Structures are given as structure tokens and as C-alpha cells.
file model10.pdb (PDB, C-alpha atoms)
ATOM      1  CA  MET S   1     234.047  -1.653 -98.749
ATOM      2  CA  TYR S   2     233.398   2.024 -99.509
ATOM      3  CA  LEU S   3     231.285   2.361 -96.359
ATOM      4  CA  ALA S   4     234.264   1.164 -94.314
ATOM      5  CA  LEU S   5     236.500   3.679 -96.112
ATOM      6  CA  TRP S   6     234.065   6.469 -95.300
ATOM      7  CA  ARG S   7     234.101   5.466 -91.613
ATOM      8  CA  ILE S   8     237.892   5.299 -91.433
ATOM      9  CA  LEU S   9     238.337   8.814 -92.877
ATOM     10  CA  PRO S  10     238.666  11.493 -90.180
ATOM     11  CA  GLY S  11     237.032  14.879 -89.820
ATOM     12  CA  PRO S  12     233.726  16.378 -90.865
ATOM     13  CA  ARG S  13     231.826  15.555 -94.004
ATOM     14  CA  TRP S  14     233.508  18.152 -96.253
ATOM     15  CA  LEU S  15     236.974  16.955 -95.248
ATOM     16  CA  ARG S  16     236.100  13.340 -95.995
ATOM     17  CA  VAL S  17     234.750  14.301 -99.403
ATOM     18  CA  ALA S  18     237.908  16.310-100.123
ATOM     19  CA  LEU S  19     240.108  13.384 -99.089
ATOM     20  CA  LEU S  20     238.133  11.019-101.309
ATOM     21  CA  VAL S  21     238.512  13.366-104.283
ATOM     22  CA  ILE S  22     242.270  13.589-103.706
ATOM     23  CA  MET S  23     242.551   9.805-103.393
ATOM     24  CA  ALA S  24     240.544   9.298-106.586
ATOM     25  CA  ALA S  25     242.828  11.747-108.403
ATOM     26  CA  LEU S  26     245.929   9.904-107.182
ATOM     27  CA  VAL S  27     244.509   6.541-108.252
ATOM     28  CA  LEU S  28     243.608   7.926-111.697
ATOM     29  CA  THR S  29     247.098   9.401-112.123
ATOM     30  CA  ALA S  30     248.735   6.092-111.204
ATOM     31  CA  LEU S  31     246.460   4.259-113.644
ATOM     32  CA  VAL S  32     247.255   6.591-116.544
ATOM     33  CA  LEU S  33     251.002   6.772-115.871
ATOM     34  CA  TRP S  34     251.795   3.159-115.066
ATOM     35  CA  VAL S  35     248.907   0.688-115.052
ATOM     36  CA  PHE S  36     247.151   1.433-118.358
ATOM     37  CA  PRO S  37     250.341   1.426-120.496
ATOM     38  CA  VAL S  38     251.337  -1.961-119.058
ATOM     39  CA  ILE S  39     247.876  -3.448-119.632
ATOM     40  CA  ASP S  40     247.951  -2.022-123.147
ATOM     41  CA  GLN S  41     251.279  -3.714-123.900
ATOM     42  CA  LEU S  42     249.874  -7.013-122.637
ATOM     43  CA  THR S  43     246.550  -6.877-124.458
ATOM     44  CA  SER S  44     246.990  -4.527-127.435
ATOM     45  CA  PRO S  45     245.687  -6.392-130.474
ATOM     46  CA  GLN S  46     246.498  -3.577-132.867
ATOM     47  CA  ASP S  47     249.466  -4.842-134.835
ATOM     48  CA  VAL S  48     250.316  -2.484-137.645
ATOM     49  CA  THR S  49     253.316  -4.152-139.259
ATOM     50  CA  VAL S  50     253.565  -6.834-141.927
ATOM     51  CA  GLU S  51     255.591  -9.817-140.782
ATOM     52  CA  GLU S  52     255.938 -13.516-141.378
TER      53      GLU S  52
ATOM     54  CA  MET T   1     197.443  -4.453-100.546
ATOM     55  CA  SER T   2     199.824  -1.565 -99.895
ATOM     56  CA  GLU T   3     198.599  -1.277 -96.308
ATOM     57  CA  ALA T   4     199.514  -4.856 -95.713
ATOM     58  CA  ALA T   5     202.938  -4.493 -97.374
ATOM     59  CA  GLN T   6     204.157  -1.473 -95.345
ATOM     60  CA  PRO T   7     204.646  -3.158 -91.949
ATOM     61  CA  VAL T   8     206.555  -5.960 -93.659
ATOM     62  CA  LEU T   9     209.080  -3.573 -95.292
ATOM     63  CA  ARG T  10     210.189  -1.782 -92.117
ATOM     64  CA  PRO T  11     211.879  -4.700 -90.389
ATOM     65  CA  ARG T  12     213.715  -5.463 -93.646
ATOM     66  CA  ARG T  13     215.229  -1.988 -93.753
ATOM     67  CA  ARG T  14     216.526  -2.432 -90.238
ATOM     68  CA  ALA T  15     218.036  -5.731 -91.200
ATOM     69  CA  ARG T  16     220.096  -3.989 -93.900
ATOM     70  CA  ARG T  17     221.935  -1.874 -91.322
ATOM     71  CA  LYS T  18     223.877  -4.894 -90.178
ATOM     72  CA  PRO T  19     227.578  -5.080 -91.267
ATOM     73  CA  THR T  20     227.954  -5.198 -95.086
ATOM     74  CA  PRO T  21     227.416  -8.737 -96.251
ATOM     75  CA  ILE T  22     229.847 -10.454 -98.564
ATOM     76  CA  VAL T  23     227.462  -9.983-101.485
ATOM     77  CA  GLY T  24     227.518  -6.220-100.967
ATOM     78  CA  VAL T  25     231.316  -6.130-101.093
ATOM     79  CA  LEU T  26     231.282  -8.293-104.209
ATOM     80  CA  GLY T  27     228.866  -5.852-105.821
ATOM     81  CA  GLU T  28     231.131  -2.922-105.028
ATOM     82  CA  VAL T  29     234.143  -4.769-106.408
ATOM     83  CA  LEU T  30     232.299  -5.565-109.640
ATOM     84  CA  ILE T  31     231.167  -1.960-110.058
ATOM     85  CA  THR T  32     234.735  -0.793-109.405
ATOM     86  CA  VAL T  33     236.129  -3.185-112.023
ATOM     87  CA  GLY T  34     233.514  -1.958-114.497
ATOM     88  CA  VAL T  35     234.485   1.659-113.900
ATOM     89  CA  LEU T  36     238.193   0.792-114.280
ATOM     90  CA  ILE T  37     237.544  -0.915-117.621
ATOM     91  CA  LEU T  38     235.612   2.114-118.860
ATOM     92  CA  LEU T  39     238.472   4.354-117.721
ATOM     93  CA  PHE T  40     240.960   2.154-119.564
ATOM     94  CA  LEU T  41     238.935   2.345-122.766
ATOM     95  CA  GLY T  42     238.680   6.103-122.418
ATOM     96  CA  TRP T  43     242.447   6.250-121.983
ATOM     97  CA  GLN T  44     243.167   3.895-124.893
ATOM     98  CA  LEU T  45     240.731   5.307-127.422
ATOM     99  CA  TRP T  46     240.887   9.000-126.563
ATOM    100  CA  PHE T  47     243.181  10.384-123.880
ATOM    101  CA  ASN T  48     246.350   8.541-124.894
ATOM    102  CA  ASN T  49     245.791   9.569-128.533
ATOM    103  CA  VAL T  50     245.423  13.230-127.666
ATOM    104  CA  VAL T  51     248.573  13.162-125.517
ATOM    105  CA  SER T  52     250.554  11.103-128.055
ATOM    106  CA  THR T  53     249.615  13.346-130.977
ATOM    107  CA  ALA T  54     250.893  16.385-129.086
ATOM    108  CA  THR T  55     254.112  14.810-127.791
ATOM    109  CA  GLN T  56     254.946  13.140-131.122
ATOM    110  CA  THR T  57     254.484  16.438-132.964
ATOM    111  CA  ALA T  58     256.688  18.096-130.334
ATOM    112  CA  THR T  59     259.394  15.470-130.964
ATOM    113  CA  ALA T  60     259.210  16.196-134.710
ATOM    114  CA  ASP T  61     259.471  19.947-134.111
ATOM    115  CA  GLU T  62     262.514  19.432-131.883
ATOM    116  CA  LEU T  63     264.196  17.437-134.659
ATOM    117  CA  SER T  64     263.465  20.213-137.170
ATOM    118  CA  HIS T  65     264.973  22.733-134.763
ATOM    119  CA  GLU T  66     268.152  20.695-134.378
ATOM    120  CA  TRP T  67     268.536  20.368-138.132
ATOM    121  CA  GLU T  68     267.834  24.054-138.701
ATOM    122  CA  ALA T  69     270.409  25.012-136.101
ATOM    123  CA  THR T  70     273.152  23.163-137.960
ATOM    124  CA  THR T  71     272.282  24.753-141.320
ATOM    125  CA  ALA T  72     273.428  28.026-142.802
ATOM    126  CA  THR T  73     270.851  30.614-143.870
ATOM    127  CA  PRO T  74     268.647  29.238-146.664
ATOM    128  CA  ASP T  75     269.809  30.198-150.125
ATOM    129  CA  PRO T  76     266.934  30.017-152.652
ATOM    130  CA  ASP T  77     269.395  29.833-155.566
ATOM    131  CA  GLN T  78     270.356  26.323-154.568
ATOM    132  CA  THR T  79     266.898  24.980-155.384
ATOM    133  CA  SER T  80     267.456  25.335-159.125
ATOM    134  CA  ASP T  81     269.110  21.943-159.555
ATOM    135  CA  PRO T  82     269.382  19.848-156.415
ATOM    136  CA  GLY T  83     270.749  16.867-158.355
ATOM    137  CA  GLU T  84     270.493  13.307-157.083
ATOM    138  CA  PRO T  85     268.886  12.985-153.640
ATOM    139  CA  VAL T  86     271.300  12.519-150.763
ATOM    140  CA  VAL T  87     270.846   9.223-148.877
ATOM    141  CA  MET T  88     271.677   9.176-145.183
ATOM    142  CA  ASP T  89     273.518   6.452-143.256
ATOM    143  CA  THR T  90     271.501   3.780-141.451
ATOM    144  CA  PRO T  91     270.330   5.294-138.149
ATOM    145  CA  ALA T  92     270.644   3.655-134.730
ATOM    146  CA  ILE T  93     267.771   1.411-133.651
ATOM    147  CA  ASN T  94     264.847   3.140-131.856
ATOM    148  CA  GLU T  95     266.296   6.547-132.716
ATOM    149  CA  ALA T  96     264.247   9.246-134.473
ATOM    150  CA  PHE T  97     265.978  10.241-137.707
ATOM    151  CA  ALA T  98     263.286  11.815-139.937
ATOM    152  CA  ASN T  99     259.858  13.460-139.945
ATOM    153  CA  LEU T 100     256.831  12.566-142.040
ATOM    154  CA  ILE T 101     254.744  15.497-143.281
ATOM    155  CA  VAL T 102     251.496  14.739-145.131
ATOM    156  CA  PRO T 103     249.192  17.724-145.706
ATOM    157  CA  ARG T 104     246.231  15.422-146.561
ATOM    158  CA  LEU T 105     246.430  13.907-143.066
ATOM    159  CA  GLY T 106     246.171  17.351-141.503
ATOM    160  CA  LEU T 107     247.641  20.774-142.216
ATOM    161  CA  ASP T 108     249.721  20.403-139.053
ATOM    162  CA  PHE T 109     250.520  16.703-139.574
ATOM    163  CA  LYS T 110     254.177  16.159-138.737
ATOM    164  CA  ARG T 111     255.408  13.042-136.932
ATOM    165  CA  PRO T 112     258.852  11.650-136.152
ATOM    166  CA  ILE T 113     260.119   8.461-137.809
ATOM    167  CA  ALA T 114     262.352   6.172-135.708
ATOM    168  CA  GLU T 115     264.427   3.189-136.779
ATOM    169  CA  GLY T 116     262.740  -0.189-136.256
ATOM    170  CA  VAL T 117     259.113  -1.246-135.867
ATOM    171  CA  GLY T 118     259.209  -2.738-132.361
ATOM    172  CA  THR T 119     256.814  -1.731-129.591
ATOM    173  CA  LYS T 120     259.479   0.639-128.212
ATOM    174  CA  VAL T 121     258.906   2.764-131.298
ATOM    175  CA  LEU T 122     255.277   2.123-132.272
ATOM    176  CA  ASN T 123     253.752   2.030-128.772
ATOM    177  CA  ASN T 124     255.574   5.166-127.761
ATOM    178  CA  THR T 125     253.866   8.443-126.948
ATOM    179  CA  LYS T 126     256.933  10.373-128.175
ATOM    180  CA  LEU T 127     257.698   8.428-131.393
ATOM    181  CA  GLY T 128     254.891   6.251-132.777
ATOM    182  CA  MET T 129     256.168   5.716-136.331
ATOM    183  CA  GLY T 130     258.854   3.219-137.313
ATOM    184  CA  HIS T 131     261.030   2.437-140.325
ATOM    185  CA  TYR T 132     261.298  -1.244-141.245
ATOM    186  CA  THR T 133     264.950  -2.059-140.595
ATOM    187  CA  GLY T 134     266.571  -3.336-143.764
ATOM    188  CA  THR T 135     264.324  -1.406-146.130
ATOM    189  CA  GLN T 136     265.815   1.589-147.950
ATOM    190  CA  LEU T 137     266.255   5.092-146.557
ATOM    191  CA  PRO T 138     264.648   8.331-147.842
ATOM    192  CA  GLY T 139     265.650   9.139-151.426
ATOM    193  CA  ALA T 140     267.297   5.771-152.080
ATOM    194  CA  VAL T 141     266.373   3.536-155.009
ATOM    195  CA  GLY T 142     264.080   0.881-153.554
ATOM    196  CA  ASN T 143     261.469   1.142-150.835
ATOM    197  CA  PHE T 144     261.398   3.364-147.735
ATOM    198  CA  ALA T 145     258.853   1.405-145.647
ATOM    199  CA  LEU T 146     257.126   2.761-142.534
ATOM    200  CA  ALA T 147     254.617   1.495-139.982
ATOM    201  CA  SER T 148     252.422   3.373-137.523
ATOM    202  CA  HIS T 149     249.164   2.968-135.624
ATOM    203  CA  ARG T 150     245.747   3.602-137.158
ATOM    204  CA  SER T 151     243.886   4.443-133.965
ATOM    205  CA  ALA T 152     246.200   4.129-130.965
ATOM    206  CA  TYR T 153     249.271   5.987-129.701
ATOM    207  CA  GLY T 154     248.452   9.056-131.727
ATOM    208  CA  GLY T 155     246.976   7.111-134.656
ATOM    209  CA  ALA T 156     249.259   8.809-137.191
ATOM    210  CA  PHE T 157     247.754   6.845-140.088
ATOM    211  CA  HIS T 158     244.130   7.183-138.938
ATOM    212  CA  ASN T 159     243.034   8.826-142.192
ATOM    213  CA  ILE T 160     245.428   7.019-144.519
ATOM    214  CA  HIS T 161     242.455   5.803-146.603
ATOM    215  CA  GLN T 162     241.680   9.427-147.489
ATOM    216  CA  LEU T 163     244.883   9.916-149.487
ATOM    217  CA  ARG T 164     244.207  10.900-153.103
ATOM    218  CA  VAL T 165     246.376  10.172-156.128
ATOM    219  CA  GLY T 166     248.920  12.968-156.456
ATOM    220  CA  ASP T 167     248.944  13.919-152.764
ATOM    221  CA  SER T 168     252.329  14.954-151.422
ATOM    222  CA  ILE T 169     254.120  12.828-148.846
ATOM    223  CA  TYR T 170     257.181  14.657-147.502
ATOM    224  CA  VAL T 171     260.027  13.113-145.550
ATOM    225  CA  GLU T 172     262.208  15.607-143.699
ATOM    226  CA  THR T 173     265.735  14.632-142.672
ATOM    227  CA  ALA T 174     268.853  16.508-141.639
ATOM    228  CA  ASP T 175     269.686  16.760-145.374
ATOM    229  CA  GLY T 176     266.412  18.282-146.522
ATOM    230  CA  TRP T 177     262.929  17.353-147.733
ATOM    231  CA  TYR T 178     262.054  14.404-150.003
ATOM    232  CA  ARG T 179     258.761  14.686-151.840
ATOM    233  CA  TYR T 180     256.922  11.494-152.692
ATOM    234  CA  VAL T 181     253.618  11.442-154.562
ATOM    235  CA  PHE T 182     250.851   9.123-153.389
ATOM    236  CA  ARG T 183     250.157   6.402-155.960
ATOM    237  CA  ASP T 184     247.714   3.795-154.622
ATOM    238  CA  LEU T 185     246.337   1.811-151.701
ATOM    239  CA  GLU T 186     246.475  -1.935-151.215
ATOM    240  CA  TYR T 187     244.640  -4.100-148.685
ATOM    241  CA  VAL T 188     246.558  -7.199-147.637
ATOM    242  CA  ARG T 189     246.906  -9.806-144.910
ATOM    243  CA  ALA T 190     249.343  -9.279-142.049
ATOM    244  CA  SER T 191     251.683 -11.870-143.554
ATOM    245  CA  ALA T 192     252.095  -9.933-146.821
ATOM    246  CA  VAL T 193     255.737  -8.961-146.289
ATOM    247  CA  GLY T 194     256.013  -8.477-150.062
ATOM    248  CA  VAL T 195     254.705  -4.930-149.679
ATOM    249  CA  ILE T 196     257.949  -3.705-148.132
ATOM    250  CA  LEU T 197     260.246  -5.256-150.745
ATOM    251  CA  PRO T 198     262.402  -2.887-152.882
ATOM    252  CA  VAL T 199     259.895  -3.590-155.663
ATOM    253  CA  PRO T 200     256.700  -4.353-153.724
ATOM    254  CA  GLN T 201     255.281  -7.846-154.315
ATOM    255  CA  HIS T 202     258.060  -8.708-156.806
ATOM    256  CA  PRO T 203     260.940 -10.427-154.956
ATOM    257  CA  GLU T 204     262.912 -11.080-158.150
ATOM    258  CA  ALA T 205     262.669  -7.604-159.681
ATOM    259  CA  VAL T 206     265.585  -5.163-159.684
ATOM    260  CA  PRO T 207     264.471  -1.793-158.254
ATOM    261  CA  THR T 208     264.753   1.303-160.427
ATOM    262  CA  GLU T 209     262.195   3.539-158.687
ATOM    263  CA  ARG T 210     262.372   5.307-155.335
ATOM    264  CA  LEU T 211     259.237   4.358-153.360
ATOM    265  CA  ILE T 212     257.727   5.037-149.965
ATOM    266  CA  THR T 213     255.392   2.492-148.351
ATOM    267  CA  LEU T 214     253.162   3.229-145.364
ATOM    268  CA  THR T 215     251.657   0.267-143.502
ATOM    269  CA  THR T 216     249.024   0.267-140.766
ATOM    270  CA  CYS T 217     246.142  -1.863-139.538
ATOM    271  CA  ASN T 218     242.722  -2.185-141.135
ATOM    272  CA  PRO T 219     239.881  -1.796-140.308
ATOM    273  CA  PHE T 220     239.892   0.722-137.446
ATOM    274  CA  TYR T 221     240.470  -0.779-133.996
ATOM    275  CA  SER T 222     241.335  -4.146-135.516
ATOM    276  CA  SER T 223     244.378  -5.918-136.860
ATOM    277  CA  ALA T 224     242.558  -8.313-139.161
ATOM    278  CA  GLU T 225     244.178  -6.795-142.250
ATOM    279  CA  ARG T 226     246.748  -4.219-143.260
ATOM    280  CA  ILE T 227     246.177  -1.139-145.381
ATOM    281  CA  ILE T 228     249.181  -0.143-147.472
ATOM    282  CA  ALA T 229     249.810   3.234-149.113
ATOM    283  CA  TYR T 230     252.454   3.594-151.814
ATOM    284  CA  GLY T 231     254.155   6.769-152.956
ATOM    285  CA  VAL T 232     256.648   7.425-155.757
ATOM    286  CA  PHE T 233     259.622   9.766-155.370
ATOM    287  CA  ASP T 234     259.171  13.075-157.147
ATOM    288  CA  SER T 235     261.857  15.539-156.092
ATOM    289  CA  TRP T 236     264.017  16.575-153.206
ATOM    290  CA  TYR T 237     264.769  19.906-151.585
ATOM    291  CA  PRO T 238     268.206  20.292-149.978
ATOM    292  CA  ARG T 239     268.012  21.954-146.570
ATOM    293  CA  ALA T 240     270.178  24.845-147.734
ATOM    294  CA  GLY T 241     267.458  25.820-150.239
ATOM    295  CA  GLY T 242     264.720  26.001-147.595
ATOM    296  CA  PRO T 243     261.516  23.958-147.291
ATOM    297  CA  PRO T 244     259.232  23.185-150.256
ATOM    298  CA  PRO T 245     256.580  25.896-150.773
ATOM    299  CA  GLU T 246     253.670  23.505-150.094
ATOM    300  CA  ILE T 247     254.794  22.857-146.528
ATOM    301  CA  ALA T 248     256.699  26.085-145.846
ATOM    302  CA  GLN T 249     254.141  27.010-143.221
ATOM    303  CA  ILE T 250     254.336  23.760-141.253
ATOM    304  CA  ALA T 251     258.098  23.597-141.675
ATOM    305  CA  THR T 252     258.569  27.065-140.246
ATOM    306  CA  ALA T 253     255.716  26.741-137.747
ATOM    307  CA  SER T 254     258.168  24.893-135.546
ATOM    308  CA  GLY T 255     260.179  28.086-135.262
ATOM    309  CA  VAL T 256     257.243  29.784-133.525
ATOM    310  CA  ASN T 257     257.226  27.399-130.569
TER     311      ASN T 257
END
call {"tool": "encode", "arguments": {"input": "model10.pdb", "output": "C-alpha cells"}}
result
Amino acid sequence: MYLALWRILPGPRWLRVALLVIMAALVLTALVLWVFPVIDQLTSPQDVTVEE
Amino acid sequence: MSEAAQPVLRPRRRARRKPTPIVGVLGEVLITVGVLILLFLGWQLWFNNVVSTATQTATADELSHEWEATTATPDPDQTSDPGEPVVMDTPAINEAFANLIVPRLGLDFKRPIAEGVGTKVLNNTKLGMGHYTGTQLPGAVGNFALASHRSAYGGAFHNIHQLRVGDSIYVETADGWYRYVFRDLEYVRASAVGVILPVPQHPEAVPTERLITLTTCNPFYSSAERIIAYGVFDSWYPRAGGPPPEIAQIATASGVN
């Protein structure tokens, strides 16, 4: 999987590493902004209110 | 034995250079999922709290600014006899209408209070603390009941168990500051709706006191129980008279931003 990604990326070694870092940053941003909050709403067990 | 093993290993290494087998991909997927789960936990238990604490405090400061802007210059003479506390009208749902200031929870502890205790308020990086709709409003006879997280979305009530008898609990609204004094803690089940009654745990009683009730989950990172903190109304400070001395610094700190 990651080997295939490495082969697909163009350019010399430093450029591939830079591209991977940028991609990882984008993925992390998307996770924090959209994915994690949704998962949290679906799974959050921390109810803090009293209710019947 | 090692001499005999060496020639056997070499052909194996060559065999591994073949296209990645399905097991290898599966391994990478599993590792990726593991990393994602760790990232999620880091976000839930740390990062989101740090961000929420900052943005919720910013929301509270903005509210203070708005209220200050609509007030004339403070006149200390007006503090002599503020009279009966003013009670505001019921706010719109999911709208921030007050701030909670509790020095024991941090010298800079100031969070906004919004109407309602749905996820839109509680699981909100900008709000985080909700007022039980139908319970009384600040300064009113009865019970001003609030809910907030213990250890998520800013964890406003993280250290609620550290409150000591006599600690100040201030509620800031457009009208001024209401000072409640912490009375006691109670540990109950999640179904114990009696704690937010006008007279907590006494459905039949006629309220005569002005109370504040804070509810959150207990223990940390669990919702097995609820921890409840009660406060009794002490005094109120009309906005025209300026903030109470105890929280003058935090109340005016917003002006620095």
C-alpha cells in the first residue's frame, strides 16, 4: 500500500518525502476538522445531564 | 549451526521482493487504523480540550464586551443597596446569555452559558455549558441549573470536586453579577432529575431560596454517575456598579484583549 504510494510519487527522494509530509498534514487537518467531531458525536459516552 | 542457516536465508529475502502480498497490505491497514485511533484519542482527550477552553473563554469575553459597551460608566455609589436581583427573560434556545466565573476552578475560569443542554450546546467548542430549559434564571427564587462536560469539550467542570464550602460562584449577565456561595456536593445516578428541581430532591416543596446547581459526569471519562454541586445565592452586583472586587481582575481582563 505505502510502497505503491512511494512509487507513484514523482521526483527525487526529497520531493517525495515533502509530498508525503504535506499529504499527512492535509489528512490530519481533515480528521480534526470533520472526521473526529462526527465520530465523537456518534460514540461519545460522556453524558453530563440528568434526565429520565 | 549459523553456517548452515545463512544459505537458507538468502533465497527467502529474494522471495520477499515480489509484489506485496495481501497479508502485507492487511498489516499496513491495521497499523494505519491503530494510528488513527491513537490520533482520535489524542484529539478527544487533549487537543480538543485545549482548543475548546480557549474558544469558550473567548466567547465569554465577547459577551462581556457587548454588555460593557451598552453600559454607562460604572458608578461605585450604586453598589450600596442593589435591592432585589433583576431576573432576565428566558433566552432563545442554544443562545449564550450568561457567563460562569468560578475562581476555585481557575483564576481565569470564565465560560459562556447557553440555553438548553442538547449536544449543540454541550458538544460545542464555542459554548460547552448549558442551562436546563425550564429551570429558573440567575437571581430568581428556585434553581438555576447548569450542565457541562467534566473532561471533554473544554471540560469546564473538570475540577468541580475541588470546590470548598464558601467558594464564590459568579454568574455574569447583561444586568450584572450574581454571587452564589458553594454549599455541597452530591453524587447521584443519571436518572436523578430531582437535583434540578426548584427545591432539589423535594418535588412538593415551595421554593424560598435562590439556588444554583451544576451537574456533570462522574467519575472522569465516564458517565456512570453524576456529580452535583449546589450553591446558594448571596448577593448581586448591578452592572452600573462595576464587577465584584473578588473577580474585578478577570472581569476587566477581557478589556485587555
call {"tool": "resolve_selection", "arguments": {"input": "model10.pdb", "expression": "the ChimeraX specification (/S :<7) & /T", "output": "NGL selection string"}}
result
:T and (25 or 40 or 147-149 or 190-193 or 215-217 or 221-223 or 226)
call {"tool": "residues_around", "arguments": {"input": "model10.pdb", "residues": "Pro10 of chain S", "least_positions_apart": "5", "cutoff": "10 Å", "atoms": "only C-alpha atoms", "output": "JSON list (two decimals) with C-alpha atoms, keeping the file's coordinate frame"}}
result
[["chain", "number", "residue", "atom", "x", "y", "z"],
["S", 15, "LEU", "CA", 236.97, 16.95, -95.25],
["S", 16, "ARG", "CA", 236.10, 13.34, -96.00],
["S", 19, "LEU", "CA", 240.11, 13.38, -99.09]]
call {"tool": "atom_distance", "arguments": {"input": "model10.pdb", "atom1": "atom CA of Leu122 of chain T", "atom2": "atom CA of Arg210 of chain T"}}
result
24.3 Å
call {"tool": "resolve_selection", "arguments": {"input": "model10.pdb", "expression": "the PyMOL selection byres ((chain T and resi 150-156) around 7)", "output": "JSON, numbers by chain"}}
result
{"T": [44, 45, 48, 49, 50, 52, 53, 123, 124, 125, 128, 148, 149, 157, 158, 216, 217, 220, 221]}
call {"tool": "atom_distance", "arguments": {"input": "model10.pdb", "atom1": "atom CA of Ile160 of chain T", "atom2": "atom CA of Ile228 of chain T"}}
result
8.6 Å
call {"tool": "atom_distance", "arguments": {"input": "model10.pdb", "atom1": "atom CA of Pro238 of chain T", "atom2": "atom CA of Thr71 of chain T"}}
result
10.6 Å
call {"tool": "resolve_selection", "arguments": {"input": "model10.pdb", "expression": "the PyMOL selection byres ((chain T and resi 63) around 12)", "output": "number ranges by chain"}}
result
T: 56-62, 64-70, 95-100, 110-114, 127, 172-174, 251, 254-255
call {"tool": "residues_around", "arguments": {"input": "model10.pdb", "residues": "Pro207 of chain T", "least_positions_apart": "4", "cutoff": "9 Å", "atoms": "all atoms listed in the file", "output": "mmCIF file with C-alpha atoms, in the coordinates of the input"}}
result
data_model
loop_
_atom_site.group_PDB
_atom_site.id
_atom_site.type_symbol
_atom_site.label_atom_id
_atom_site.label_comp_id
_atom_site.auth_asym_id
_atom_site.auth_seq_id
_atom_site.Cartn_x
_atom_site.Cartn_y
_atom_site.Cartn_z
ATOM 1 C CA VAL T 141 266.373 3.536 -155.009
ATOM 2 C CA GLY T 142 264.080 0.881 -153.554
ATOM 3 C CA ASN T 143 261.469 1.142 -150.835
ATOM 4 C CA PRO T 198 262.402 -2.887 -152.882
ATOM 5 C CA VAL T 199 259.895 -3.590 -155.663
#
call {"tool": "build_atoms", "arguments": {"input": "model10.pdb", "residues": "segment 17-29 of chain S", "atoms": "N, CA and C atoms", "output": "mmCIF file, in the coordinates of the input"}}
result
data_model
loop_
_atom_site.group_PDB
_atom_site.id
_atom_site.type_symbol
_atom_site.label_atom_id
_atom_site.label_comp_id
_atom_site.auth_asym_id
_atom_site.auth_seq_id
_atom_site.Cartn_x
_atom_site.Cartn_y
_atom_site.Cartn_z
ATOM 1 N N VAL S 17 234.984 14.200 -97.954
ATOM 2 C CA VAL S 17 234.750 14.301 -99.403
ATOM 3 C C VAL S 17 236.019 14.776 -100.105
ATOM 4 N N ALA S 18 236.677 15.786 -99.524
ATOM 5 C CA ALA S 18 237.908 16.310 -100.123
ATOM 6 C C ALA S 18 238.975 15.227 -100.188
ATOM 7 N N LEU S 19 239.115 14.462 -99.114
ATOM 8 C CA LEU S 19 240.108 13.384 -99.089
ATOM 9 C C LEU S 19 239.806 12.339 -100.158
ATOM 10 N N LEU S 20 238.515 12.010 -100.294
ATOM 11 C CA LEU S 20 238.133 11.019 -101.309
ATOM 12 C C LEU S 20 238.466 11.515 -102.705
ATOM 13 N N VAL S 21 238.206 12.802 -102.961
ATOM 14 C CA VAL S 21 238.512 13.366 -104.283
ATOM 15 C C VAL S 21 240.011 13.288 -104.550
ATOM 16 N N ILE S 22 240.809 13.636 -103.544
ATOM 17 C CA ILE S 22 242.270 13.589 -103.706
ATOM 18 C C ILE S 22 242.728 12.150 -103.971
ATOM 19 N N MET S 23 242.174 11.208 -103.211
ATOM 20 C CA MET S 23 242.551 9.805 -103.393
ATOM 21 C C MET S 23 242.175 9.328 -104.792
ATOM 22 N N ALA S 24 240.982 9.706 -105.245
ATOM 23 C CA ALA S 24 240.544 9.298 -106.586
ATOM 24 C C ALA S 24 241.483 9.868 -107.643
ATOM 25 N N ALA S 25 241.914 11.121 -107.442
ATOM 26 C CA ALA S 25 242.828 11.747 -108.403
ATOM 27 C C ALA S 25 244.163 11.015 -108.434
ATOM 28 N N LEU S 26 244.656 10.624 -107.252
ATOM 29 C CA LEU S 26 245.929 9.904 -107.182
ATOM 30 C C LEU S 26 245.820 8.547 -107.882
ATOM 31 N N VAL S 27 244.710 7.851 -107.625
ATOM 32 C CA VAL S 27 244.509 6.541 -108.252
ATOM 33 C C VAL S 27 244.472 6.693 -109.769
ATOM 34 N N LEU S 28 243.738 7.698 -110.254
ATOM 35 C CA LEU S 28 243.608 7.926 -111.697
ATOM 36 C C LEU S 28 244.975 8.247 -112.319
ATOM 37 N N THR S 29 245.759 9.064 -111.624
ATOM 38 C CA THR S 29 247.098 9.401 -112.123
ATOM 39 C C THR S 29 247.969 8.158 -112.239
#
